[in-house]
Structure formats: C-alpha cells, structure tokens
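K.L.:
Got a file for you: model_23.cif, mmCIF, C-alpha atoms and all ligand atoms.
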```
data_my_file
loop_
_atom_site.label_atom_id
_atom_site.label_comp_id
_atom_site.auth_asym_id
_atom_site.auth_seq_id
_atom_site.Cartn_x
_atom_site.Cartn_y
_atom_site.Cartn_z
CA MET J 1 95.10 149.98 93.63
CA GLN J 2 97.01 150.53 90.35
CA LYS J 3 99.21 147.53 89.76
CA TYR J 4 102.55 147.41 87.95
CA LEU J 5 104.08 144.50 86.06
CA ILE J 6 107.83 144.37 85.47
CA LEU J 7 109.03 141.74 83.00
CA TYR J 8 112.65 140.84 82.53
CA SER J 9 114.68 139.10 79.85
CA SER J 10 117.89 138.20 81.65
CA ILE J 11 120.53 135.46 81.47
CA ASP J 12 122.80 136.08 84.45
CA GLY J 13 120.19 137.79 86.62
CA HIS J 14 121.40 141.38 86.66
CA THR J 15 118.40 142.74 84.74
CA LYS J 16 116.20 140.88 87.20
CA SER J 17 118.06 142.61 90.08
CA ILE J 18 117.41 145.99 88.42
CA CYS J 19 113.71 145.09 88.10
CA LYS J 20 113.57 144.18 91.80
CA LYS J 21 115.22 147.47 92.69
CA ILE J 22 112.69 149.40 90.58
CA SER J 23 109.89 147.46 92.28
CA GLY J 24 111.24 148.53 95.68
CA HIS J 25 111.38 152.18 94.62
CA ILE J 26 107.80 152.12 93.34
CA ASN J 27 106.22 150.02 96.12
CA LYS J 28 106.71 146.25 96.34
CA ASP J 29 103.08 145.72 97.37
CA ILE J 30 101.72 146.87 94.02
CA VAL J 31 104.42 145.52 91.70
CA ASP J 32 104.83 142.01 90.27
CA VAL J 33 108.17 141.01 88.76
CA PHE J 34 108.25 138.04 86.35
CA PRO J 35 110.40 136.62 83.56
CA ILE J 36 109.08 137.72 80.18
CA SER J 37 108.73 134.09 79.11
CA GLU J 38 106.12 133.42 81.81
CA GLU J 39 102.98 132.44 79.95
CA PHE J 40 100.38 132.61 82.68
CA ILE J 41 100.29 136.31 83.42
CA ASN J 42 96.99 138.14 83.07
CA LEU J 43 98.19 141.43 81.60
CA ASN J 44 94.74 142.99 82.00
CA GLU J 45 95.34 143.18 85.75
CA TYR J 46 98.00 145.85 85.32
CA LYS J 47 97.88 149.56 84.69
CA THR J 48 101.60 149.79 83.86
CA ILE J 49 103.90 147.30 82.14
CA ILE J 50 107.67 147.76 82.24
CA ILE J 51 110.06 145.56 80.27
CA GLY J 52 113.79 145.24 80.93
CA ALA J 53 116.14 143.24 78.69
CA SER J 54 119.88 142.64 78.58
CA ILE J 55 122.21 142.38 75.61
CA ARG J 56 124.35 139.36 74.83
CA TYR J 57 126.67 139.35 71.84
CA GLY J 58 124.89 142.34 70.39
CA LYS J 59 121.38 140.98 70.69
CA TYR J 60 118.26 140.77 72.80
CA ARG J 61 116.60 137.37 72.99
CA GLU J 62 113.74 136.22 70.79
CA GLU J 63 111.43 135.98 73.87
CA LEU J 64 111.46 139.82 74.01
CA TYR J 65 110.39 140.27 70.38
CA LYS J 66 107.80 137.51 70.72
CA PHE J 67 106.21 139.15 73.75
CA ILE J 68 106.05 142.53 72.04
CA ARG J 69 104.62 141.05 68.83
CA MET J 70 101.92 139.18 70.76
CA ASN J 71 100.97 142.01 73.10
CA LYS J 72 101.59 145.23 71.20
CA ASP J 73 97.97 146.39 71.18
CA LEU J 74 97.59 145.81 74.90
CA LEU J 75 100.92 147.49 75.64
CA ASP J 76 99.78 150.54 73.69
CA ILE J 77 96.70 151.11 75.83
CA LYS J 78 98.67 150.90 79.08
CA ASP J 79 101.35 153.00 80.66
CA ASN J 80 104.52 151.27 79.57
CA ALA J 81 108.28 151.54 79.56
CA PHE J 82 111.31 149.70 78.24
CA PHE J 83 114.87 149.64 79.49
CA SER J 84 118.02 148.07 78.09
CA VAL J 85 120.93 146.68 80.10
CA ASN J 86 124.33 146.37 78.45
CA ALA J 87 128.03 146.85 79.10
CA VAL J 88 128.52 149.49 76.41
CA ALA J 89 126.32 151.82 78.47
CA ARG J 90 129.16 152.10 81.01
CA LYS J 91 130.65 154.65 78.59
CA SER J 92 129.47 158.19 79.21
CA ASN J 93 128.89 158.81 75.49
CA LYS J 94 126.70 155.67 75.14
CA ASP J 95 124.59 155.76 78.28
CA THR J 96 121.39 157.49 77.15
CA PRO J 97 118.48 156.37 74.94
CA ASP J 98 119.75 158.75 72.24
CA THR J 99 123.31 157.46 72.28
CA ASN J 100 123.16 153.77 73.19
CA PRO J 101 123.47 151.74 69.96
CA TYR J 102 121.46 148.75 71.23
CA LEU J 103 118.51 150.87 72.30
CA ILE J 104 118.58 152.94 69.10
CA LYS J 105 118.61 149.79 66.93
CA PHE J 106 115.89 148.11 68.99
CA LEU J 107 113.52 151.06 68.71
CA LYS J 108 114.16 151.23 64.97
CA ASN J 109 113.40 147.54 64.47
CA ILE J 110 110.24 147.03 66.51
CA ASP J 111 106.68 147.95 65.81
CA TRP J 112 106.13 149.45 69.28
CA ILE J 113 106.95 152.87 70.69
CA PRO J 114 107.53 152.56 74.43
CA LYS J 115 106.20 155.56 76.35
CA LYS J 116 109.37 155.74 78.46
CA VAL J 117 112.83 154.36 77.74
CA ALA J 118 116.05 154.05 79.67
CA VAL J 119 119.42 152.39 79.41
CA PHE J 120 121.51 151.08 82.28
CA ALA J 121 125.06 149.81 82.36
CA GLY J 122 125.22 146.14 83.37
CA LYS J 123 127.61 143.93 85.24
CA ILE J 124 130.57 141.85 84.14
CA GLU J 125 131.01 138.73 86.28
CA TYR J 126 134.09 137.01 84.87
CA PRO J 127 134.29 134.23 87.52
CA LYS J 128 130.74 133.14 86.63
CA TYR J 129 131.30 132.79 82.87
CA ASN J 130 132.29 129.66 80.98
CA PHE J 131 135.66 129.57 79.23
CA PHE J 132 134.40 130.83 75.88
CA ASP J 133 132.33 133.71 77.29
CA LYS J 134 135.06 134.74 79.74
CA TYR J 135 137.65 135.21 77.02
CA ALA J 136 135.21 136.65 74.50
CA ILE J 137 134.19 139.30 77.04
CA LYS J 138 137.80 139.89 78.04
CA PHE J 139 138.63 140.51 74.38
CA ILE J 140 135.67 142.91 73.95
CA MET J 141 136.67 144.72 77.16
CA TRP J 142 140.27 144.96 76.01
CA ILE J 143 139.19 146.51 72.69
CA THR J 144 136.84 148.93 74.42
CA LYS J 145 139.31 149.82 77.21
CA GLY J 146 137.27 148.08 79.91
CA PRO J 147 138.46 145.95 82.86
CA ILE J 148 140.16 142.66 81.94
CA ASP J 149 140.99 141.01 85.28
CA THR J 150 139.04 137.75 84.91
CA SER J 151 139.20 137.01 88.65
CA LYS J 152 136.88 139.94 89.35
CA THR J 153 133.28 141.13 89.00
CA TYR J 154 132.55 144.66 87.82
CA GLU J 155 129.21 146.32 88.40
CA PHE J 156 128.76 149.42 86.25
CA THR J 157 125.13 150.12 87.12
CA ASP J 158 124.31 153.62 88.29
CA TRP J 159 121.70 152.85 90.95
CA GLU J 160 120.74 156.51 91.33
CA LYS J 161 119.80 156.52 87.65
CA VAL J 162 117.69 153.39 88.24
CA LYS J 163 115.99 155.17 91.14
CA THR J 164 115.25 158.26 89.05
CA PHE J 165 113.73 156.08 86.32
CA ALA J 166 111.60 154.22 88.89
CA GLU J 167 110.40 157.50 90.40
CA SER J 168 109.40 158.71 86.93
CA LEU J 169 107.13 155.67 86.60
CA LYS J 170 105.11 156.40 89.72
CA LEU J 171 101.59 157.52 88.99
C1 LIG J 201 128.29 136.28 77.02
C2 LIG J 201 128.02 137.73 77.17
C3 LIG J 201 127.92 138.54 76.06
C4 LIG J 201 127.70 139.94 76.20
N1 LIG J 201 127.61 140.71 75.09
C5 LIG J 201 127.47 142.05 75.21
C6 LIG J 201 127.45 142.89 74.07
O1 LIG J 201 127.52 142.44 72.93
N2 LIG J 201 127.35 144.22 74.28
C7 LIG J 201 127.25 144.78 75.53
O2 LIG J 201 127.17 145.99 75.64
N3 LIG J 201 127.24 143.99 76.63
C8 LIG J 201 127.34 142.65 76.51
N4 LIG J 201 127.36 141.86 77.61
C9 LIG J 201 127.18 142.47 78.93
C10 LIG J 201 125.79 142.21 79.47
O3 LIG J 201 124.83 142.96 78.77
C11 LIG J 201 125.77 142.54 80.97
O4 LIG J 201 126.62 141.59 81.59
C12 LIG J 201 124.43 142.51 81.61
O5 LIG J 201 124.56 142.95 82.96
C13 LIG J 201 123.81 141.13 81.58
O6 LIG J 201 122.52 141.17 82.11
P1 LIG J 201 121.77 139.86 82.61
O7 LIG J 201 122.53 139.35 83.83
O8 LIG J 201 120.41 140.33 82.98
O9 LIG J 201 121.74 138.89 81.48
C14 LIG J 201 127.57 140.48 77.49
C15 LIG J 201 127.68 139.65 78.62
C16 LIG J 201 127.91 138.31 78.46
C17 LIG J 201 128.04 137.44 79.68
#
```
Let's see the structure in the file written out as structure tokens.

P.N.:
Amino acid sequence: MQKYLILYSSIDGHTKSICKKISGHINKDIVDVFPISEEFINLNEYKTIIIGASIRYGKYREELYKFIRMNKDLLDIKDNAFFSVNAVARKSNKDTPDTNPYLIKFLKNIDWIPKKVAVFAGKIEYPKYNFFDKYAIKFIMWITKGPIDTSKTYEFTDWEKVKTFAESLKL
C-alpha cells in the first residue's frame, strides 16, 4: 500500500481542515495527517508528502522553512506537493499558483521545487480572534473590499478546487 503524509502549518485550524478533506478524497486508510512540527514521523514510510501552510500577516511560520531545510533531499525523491492557504486567494485574480503573491514569493525564496502546487482561499473567523487581530483583519478587509462584519465568520474556500487537487495527487 502506498502511503501518503499530509503535514499542516496552521494556527486557527482551517489548513488542518483542508488537509483532512484532502485525506478523505484520497482514501483515509492510506493517509496520515500531522502538524508539521511533529518530530516523531518516519518520513521513509511514505510515498507521497503533501504540505499545507497558512499565511498570517504576510508570512508562513518558521516551522515550515525548518521542515523543508531539514528534509529537502528526502522530499525530492518522493512525490510531493505544497499548498498555501490565505485570504488574498479569495480574489479571482490572485487564486492560482501563478497569481497568488504569497505562493510566488515562497517558491522564489526556498531551495525546493514542489512537484505540485496549489493555493486555496482561507477562512475569516472574526468572533474567534483577539481584539488586535480582529481589528487588524477588519482593516485589511476594508482596504481590500472584503467583509467587515466582525460578528460573522466567512469561509472563502472552494471545496471543489480542493477536491480536484486531491484527485490529482492520487497515484
Ligand atoms: C491574524 C491573522 C492574520 C492574517 N494575515 C493574512 C495575510 O497577511 N494575508 C492573507 O492573505 N491572509 C491572512 N490571514 C487569513 C488567513 O490566512 C486565513 O484565515 C486562513 O484560513 C488561516 O488558516 P489557519 O486556520 O490554518 O491558520 C490572516 C488571518 C489572521 C487570523
């Protein structure tokens, strides 16, 4: 059986939810889903490694870069994929690997060329955020003509696009 590993770098859990959805589309029985910071994973067990990471204030977290630095050679000999989750990708002119600024910058700055890439629009959960984040996000949304009602949650993810990506990863 060819096993898959999906690793996520997520703060509020939405990237993890996308990983779980991808796992379901591939086949839960042959997919493990773990946080990227988990140190006790035997990567050799897997034929395919998929990494998903979300953006916060313009950045991915250091744990993502650390994992790639430490495992680049192994990643290169496996089937692999990377996907980015961010709010900017809700815009139709910024929702592909060629047009999403965070994915473009990431690929430029790392010493790894993922074999497949994707970008998915994330989720804005105003009621969950602390005071600072809530109003910072509201301000960013206001500038970028997004939703600003802080009593609501907005999910921008196109789940059909997630499904298509998952299907493309099947052996
Ligand atoms: C504090 C905070 C900062 C964010 N900064 C950005 C940003 O700079 N650009 C962007 O496109 N999305 C930004 N987002 C949106 C997140 O990428 C989106 O909410 C995503 O679904 C979060 O995924 P996670 O739950 O896996 O962490 C931000 C969200 C929060 C809560």

K.L.:
Mind giving me the straight-line distance from atom C1 of ligand LIG 201 (chain J) to CA of Ser54 in chain J in Å, one decimal?

P.N.:
10.7 Å

K.L.:
As an NGL selection string, please: the residues near range 94-110 of chain J (cut-off 12 Å, only C-alpha atoms, same-chain neighbours under 4 positions excluded).

P.N.:
:J and (52-61 or 64-69 or 72 or 82-90 or 114-122 or 156-158 or 161)

K.L.:
May I have the residues within 7 Å of Ile22 in chain J as a ChimeraX atom specification, using all atoms listed in the file and disregarding those fewer than 6 positions away in the same chain?

P.N.:
/J:162-163,166

K.L.:
Which residue out of J:Ile51, J:Met70, J:Ile137, J:Ile143 has the minimum interatomic distance to Ser10 in chain J when all atoms listed in the file are used?

P.N.:
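Closest residue, counting all atoms listed in the file: J:Ile51.
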
K.L.:
Just give me the gap between CA of Glu39 in chain J and CA of Glu63 in chain J in Å, one decimal is fine.

P.N.:
11.0 Å

K.L.:
With distances taken over all atoms listed in the file, which residue among J:Trp142, J:Phe165, J:Phe40, J:Tyr126 lies nearest ligand LIG 201 (chain J)?

P.N.:
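Result for the nearest residue to ligand LIG 201 (chain J): J:Tyr126.
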
K.L.:
Have a look at J:Leu74, J:Ile50, J:Met141, J:Ile26 and name the one nearest to Thr164 in chain J; count all atoms listed in the file.

P.N.:
J:Ile26

K.L.:
How many Å lie between CA of Glu155 in chain J and atom O1 of ligand LIG 201 (chain J), rounded to one decimal?

P.N.:
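Between these atoms lies a distance of 16.0 Å.
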
K.L.:
Which residue, J:Asp29, J:Ile124, J:Lys20, J:Asn71, has the smallest gap to ligand LIG 201 (chain J) when you use all atoms listed in the file?

P.N.:
J:Ile124

K.L.:
Taking into account all atoms listed in the file, which residue in the set J:Ala81, J:Ile49, J:Ile148, J:Ile140 is nearest to ligand LIG 201 (chain J)?

P.N.:
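Selected residue with least distance to ligand LIG 201 (chain J): J:Ile140.
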
K.L.:
I want to know what sits within 7 Å of Lys3 in chain J, based on all atoms listed in the file, with residues of the same chain fewer than 2 positions away left out; could you give that as a list of chain:residue names?

P.N.:
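The residues that qualify are J:Met1, J:Leu5, J:Ile30, J:Val31, J:Tyr46, J:Lys47, J:Thr48.
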
K.L.:
I'd like to know which of J:Ile6, J:Ile77, J:Ala136, J:Leu171 is closest to ligand LIG 201 (chain J), using all atoms listed in the file.

P.N.:
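Ranking J:Ile6, J:Ile77, J:Ala136, J:Leu171 by distance to ligand LIG 201 (chain J), first place goes to J:Ala136.
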